[in-house]
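Trainee: First the structure, then my questions, so here it is.
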Amino acid sequence: MLILAIESSCDETSAAIVDMSEKSRVILSNIVASQTEIHALYGGVVPEIASRAHIDAISYVTKKAVKDAGVDIKKLDAVAVTCAPGLIGPLLVGVNFAKSLAYTLKLPLIPVNHILAHSAAAYFDYQDLCAPFIAITVSGSHTSIYKVTSFTAFEEIGTSRDDAAGEAFDKVGRVMGLNYPCGAAIDRLASEWKRKGSSQRSISDEALKFPSPAIKDSSLDFSFSGLKTAVINHIHNLRQRLKLDKNTPLPENECQYIASAFTDAVCAGIAGKLDIAIKKTGINSILLAGGVAANSHLREAVKNTAESHGGNFYVPSLSLCGDNAAMVGAQAYYEYMAGKTAGNELNAYASEESAYLAGVI
Ligand code: KG4
Ligand code: ZN
């Protein structure tokens with residue numbers, strides 16, 4: 001089944017063509033136009049600017065996706081689009097564009113939940129992957145654990161009660177003086193610190209240990225806001241102690257130490273809750289997905305957790321961890337097979353709850 005998929009839920013405009021069947025999952029093209037350089041100027045995504053940038057890019061990325069796939073547009077079988085959750089302006093651009101395409105090409109329109117699509121990014125790399133598994137989706141707006149019993153049945157069994165993991169990476173990075181989005185830079189800084197080994201000392205020379213983001217109860221929930229605030233307070237205190245004026249960056253060595261301690265807290269917190277999830281559900285295979293799944297330390301920690309229970313570990317290749325339309329196309333195939341299509345009345349929804357109440361996802 002040839003699916004043209006569109007993704008525009010945040011700050012990436014993407015179009016892809018995927019060829020999906022019961023036996024194989026193939027990406028024929030996957031074009032991503034990122035807006036991060038624009039939003040870096042403001043330290044985070046500005047929804048109004050994001051919507052306009054999607055309008056600028058969407059026709060171009062779609063034409064390029066069709067051209068690069070080398071398929072005749074008349075051979076397409078369906079159009080898929082992320083309709084929730086995300087920023088409403090950006091979502092509306094993609095949904096409206098996809099509706100027009102489906103209408104003109106007389107093709108079925110498949111609405112896709114962005115969070116499920118993040119997991120579907122891994123289906124390309126593991127052709128034999130099938131349910132059941134536990135999915136943990138860590139992105140700029142979500143940190144949730146799901147019990148997955150089929151590609152279209154995700155039961156949320158744990159979630160963040162406040163900030164998402166990616167949000168904590170981005171806010172901590174901003175206070176450190178890094179450019180948005182900060183996750184990849186914090187990943188690198190933490191690796192640099194760990195490479196130096198235990199002989200390395202920090203200026204403050206204290207044993208840094210930040211609070212765990214795992215809620216201290218038997219639930220599978222997280223709270224990243226306490227961790228984020230503790231790291232930011234530490235940075236402010238350190239700057240005062242070092243008498244740094246506002247234009248002077250923290251010494252690189254300190255940034256590495258803080259990034260390492262922060263990353264350790266994130267990884268241990270997530271691995272700890274996954275351990276409980278495996279024991280609670282009896283499912284030992286884990287799929288890690290979302291933008292933060294690109295984090296090398298988290299990939300290692302989750303892999304170790306799955307393997308310590310004798311289970312498999314699945315994660316999308318690095319290029320498919322962030323927002324892209326190929327993952328939307330993959331999820332769309334399973335939605336279609338489960339009988340899920342939308343009419344031309346399809347709308348966009350900022351939250352999963354509102355899309356669910358509207359009967360769309
Ligand atoms: O899934 P995504 O592309 O967008 C949303 O749906 O939110 O996730 C973006 C998030 C950002 O917060 C970014 O800083 C984070 O993913 N991220 C990382 C890494 N690469 C991207 N976080 C930690 N380590 C990374 N290597
Ligand atoms: Zn995403």
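Within each chain, counting starts at residue 1; across the structure tokens, chains are named A, B, ... in the order shown, with ligands numbered 1 upward in that order.
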Give me, as a PyMOL selection string, all polymer residues having an atom no more than 12 Å from stretch 182-197 of chain A, counting only C-alpha atoms and skipping those fewer than 4 positions away in the same chain.
Mentor: chain A and resi 36+40+43-44+138-140+165-178+201-202+251-267+290-299+318+321-322
Trainee: May I ask which of the residues A:His114, A:His309, A:Lys74, A:Lys273 is the closest one to ligand 2, counting only C-alpha atoms and all ligand atoms?
Mentor: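 Smallest distance to ligand 2 is found for A:His114.
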Trainee: Quick one: distance from atom CA of A:His118 to atom CA of A:His39 in Å, one decimal?
Mentor: 22.1 Å
Trainee: With a distance cut-off of 12 Å and only C-alpha atoms, select the neighbouring residues of A:Gly86, excluding the residue or stretch itself and same-chain residues fewer than 2 positions from it, and output the selection as an MDAnalysis selection string.
Mentor: chainID A and resid 7:12 45 47 50:51 82:84 88:95 112:115 139:142 323 348:355
Trainee: Write a file of the selected residues as a compact mmCIF listing (two decimals), in the first residue's frame, keeping N, CA and C atoms.
Mentor:
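Printed below is result_8.txt as written:
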```
# COMPACT_ATOMS: atom_id res chain seq x y z
N GLU A 7 3.34 15.44 8.08
CA GLU A 7 3.55 15.71 9.51
C GLU A 7 3.85 17.21 9.69
N SER A 8 3.10 17.85 10.61
CA SER A 8 3.35 19.28 10.85
C SER A 8 2.94 19.67 12.27
N SER A 9 3.14 18.75 13.25
CA SER A 9 2.56 19.02 14.58
C SER A 9 3.35 20.01 15.42
N CYS A 10 4.63 20.25 15.06
CA CYS A 10 5.43 21.17 15.88
C CYS A 10 6.31 22.03 14.98
N ASP A 11 7.60 21.77 14.95
CA ASP A 11 8.47 22.66 14.17
C ASP A 11 9.21 21.95 13.05
N GLU A 12 8.65 20.82 12.57
CA GLU A 12 9.19 20.15 11.40
C GLU A 12 8.06 19.95 10.40
N VAL A 45 9.86 27.07 20.59
CA VAL A 45 8.98 27.18 19.42
C VAL A 45 7.95 28.31 19.61
N PRO A 47 4.54 29.41 18.25
CA PRO A 47 3.50 28.75 17.43
C PRO A 47 3.10 29.51 16.17
N ALA A 50 5.77 29.20 13.66
CA ALA A 50 5.81 27.81 13.19
C ALA A 50 4.72 27.59 12.13
N SER A 51 3.51 28.09 12.40
CA SER A 51 2.40 27.90 11.44
C SER A 51 2.76 28.50 10.08
N THR A 82 -0.90 13.68 10.50
CA THR A 82 -0.98 13.83 11.95
C THR A 82 -2.08 14.84 12.26
N CYS A 83 -3.09 14.40 13.06
CA CYS A 83 -4.18 15.33 13.38
C CYS A 83 -4.18 15.70 14.86
N ALA A 84 -3.35 15.04 15.69
CA ALA A 84 -3.26 15.32 17.13
C ALA A 84 -2.12 14.48 17.70
N ILE A 88 -1.78 23.77 17.69
CA ILE A 88 -2.97 23.73 16.84
C ILE A 88 -2.76 24.41 15.49
N GLY A 89 -2.08 25.55 15.46
CA GLY A 89 -1.84 26.24 14.17
C GLY A 89 -1.07 25.34 13.21
N PRO A 90 0.10 24.84 13.63
CA PRO A 90 0.85 23.93 12.77
C PRO A 90 0.05 22.69 12.34
N LEU A 91 -0.73 22.09 13.26
CA LEU A 91 -1.53 20.91 12.90
C LEU A 91 -2.55 21.25 11.82
N LEU A 92 -3.19 22.43 11.96
CA LEU A 92 -4.23 22.81 11.00
C LEU A 92 -3.67 22.93 9.59
N VAL A 93 -2.42 23.40 9.48
CA VAL A 93 -1.80 23.53 8.16
C VAL A 93 -1.71 22.16 7.50
N GLY A 94 -1.18 21.18 8.25
CA GLY A 94 -1.00 19.83 7.69
C GLY A 94 -2.33 19.16 7.39
N VAL A 95 -3.28 19.28 8.32
CA VAL A 95 -4.57 18.61 8.14
C VAL A 95 -5.30 19.18 6.93
N VAL A 112 -3.84 10.37 11.97
CA VAL A 112 -2.84 9.65 12.77
C VAL A 112 -2.52 10.41 14.06
N ASN A 113 -2.41 9.64 15.16
CA ASN A 113 -1.99 10.16 16.45
C ASN A 113 -0.46 10.24 16.45
N HIS A 114 0.06 11.45 16.64
CA HIS A 114 1.51 11.70 16.57
C HIS A 114 2.30 10.81 17.54
N ILE A 115 1.74 10.54 18.71
CA ILE A 115 2.46 9.77 19.73
C ILE A 115 2.62 8.31 19.30
N SER A 139 9.46 12.80 24.33
CA SER A 139 9.62 13.84 23.31
C SER A 139 9.61 15.20 23.98
N GLY A 140 9.52 16.25 23.16
CA GLY A 140 9.48 17.60 23.70
C GLY A 140 8.18 17.88 24.45
N SER A 141 7.15 17.08 24.21
CA SER A 141 5.88 17.35 24.86
C SER A 141 5.29 16.14 25.58
N HIS A 142 5.92 14.97 25.47
CA HIS A 142 5.36 13.77 26.08
C HIS A 142 6.42 12.92 26.78
N ASP A 323 10.66 14.31 14.74
CA ASP A 323 9.42 14.33 13.96
C ASP A 323 9.69 14.13 12.46
N ALA A 348 -8.22 19.29 13.35
CA ALA A 348 -6.99 19.06 14.13
C ALA A 348 -7.28 19.29 15.61
N TYR A 349 -6.53 18.60 16.48
CA TYR A 349 -6.77 18.70 17.92
C TYR A 349 -5.44 18.83 18.65
N ALA A 350 -5.37 19.82 19.55
CA ALA A 350 -4.11 20.05 20.27
C ALA A 350 -3.81 18.92 21.25
N SER A 351 -4.86 18.34 21.85
CA SER A 351 -4.61 17.28 22.84
C SER A 351 -5.18 15.95 22.35
N GLU A 352 -4.60 14.88 22.88
CA GLU A 352 -5.10 13.54 22.55
C GLU A 352 -6.53 13.39 23.05
N GLU A 353 -6.82 13.97 24.24
CA GLU A 353 -8.16 13.83 24.84
C GLU A 353 -9.22 14.40 23.92
N SER A 354 -8.97 15.63 23.38
CA SER A 354 -10.00 16.25 22.54
C SER A 354 -10.19 15.46 21.25
N ALA A 355 -9.09 14.91 20.70
CA ALA A 355 -9.20 14.12 19.47
C ALA A 355 -9.97 12.83 19.75
```
Trainee: Can you tell me which residues surround A:Asp72 at a distance of at most 12 Å, considering only C-alpha atoms, apart from same-chain residues fewer than 4 positions away, and format the answer as a tab-separated table (two decimals) with N, CA, C and O atoms, in the first residue's frame?
Mentor:
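Result file is out.tsv:
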```tsv
chain	number	residue	atom	x	y	z
A	2	LEU	N	0.72	2.11	-1.01
A	2	LEU	CA	1.54	3.33	-1.10
A	2	LEU	C	0.82	4.47	-0.37
A	2	LEU	O	-0.29	4.86	-0.76
A	4	LEU	N	1.00	8.45	1.08
A	4	LEU	CA	1.65	9.76	1.16
A	4	LEU	C	1.29	10.32	2.53
A	4	LEU	O	0.11	10.49	2.85
A	17	ILE	N	6.72	9.20	1.46
A	17	ILE	CA	5.96	8.13	0.80
A	17	ILE	C	6.50	6.81	1.33
A	17	ILE	O	7.72	6.57	1.31
A	63	LYS	N	6.08	17.95	-2.81
A	63	LYS	CA	6.51	17.73	-4.21
A	63	LYS	C	7.82	16.95	-4.22
A	63	LYS	O	8.01	16.03	-5.01
A	65	ALA	N	8.95	14.93	-1.89
A	65	ALA	CA	8.74	13.54	-1.43
A	65	ALA	C	8.24	12.68	-2.60
A	65	ALA	O	8.70	11.54	-2.78
A	66	VAL	N	7.33	13.23	-3.40
A	66	VAL	CA	6.80	12.47	-4.55
A	66	VAL	C	7.92	12.23	-5.57
A	66	VAL	O	8.12	11.11	-6.06
A	67	LYS	N	8.68	13.30	-5.84
A	67	LYS	CA	9.76	13.19	-6.85
A	67	LYS	C	10.82	12.19	-6.40
A	67	LYS	O	11.20	11.29	-7.15
A	68	ASP	N	11.28	12.31	-5.15
A	68	ASP	CA	12.35	11.42	-4.66
A	68	ASP	C	11.90	9.97	-4.59
A	68	ASP	O	12.71	9.05	-4.75
A	76	LEU	N	-0.77	6.26	-5.84
A	76	LEU	CA	-0.93	6.34	-4.38
A	76	LEU	C	-2.24	5.68	-3.96
A	76	LEU	O	-3.24	5.74	-4.68
A	77	ASP	N	-2.22	5.07	-2.76
A	77	ASP	CA	-3.42	4.41	-2.25
A	77	ASP	C	-4.13	5.19	-1.16
A	77	ASP	O	-5.30	4.95	-0.88
A	105	LEU	N	-7.23	13.89	-5.16
A	105	LEU	CA	-6.75	12.62	-5.71
A	105	LEU	C	-7.76	11.48	-5.51
A	105	LEU	O	-7.51	10.35	-5.90
```
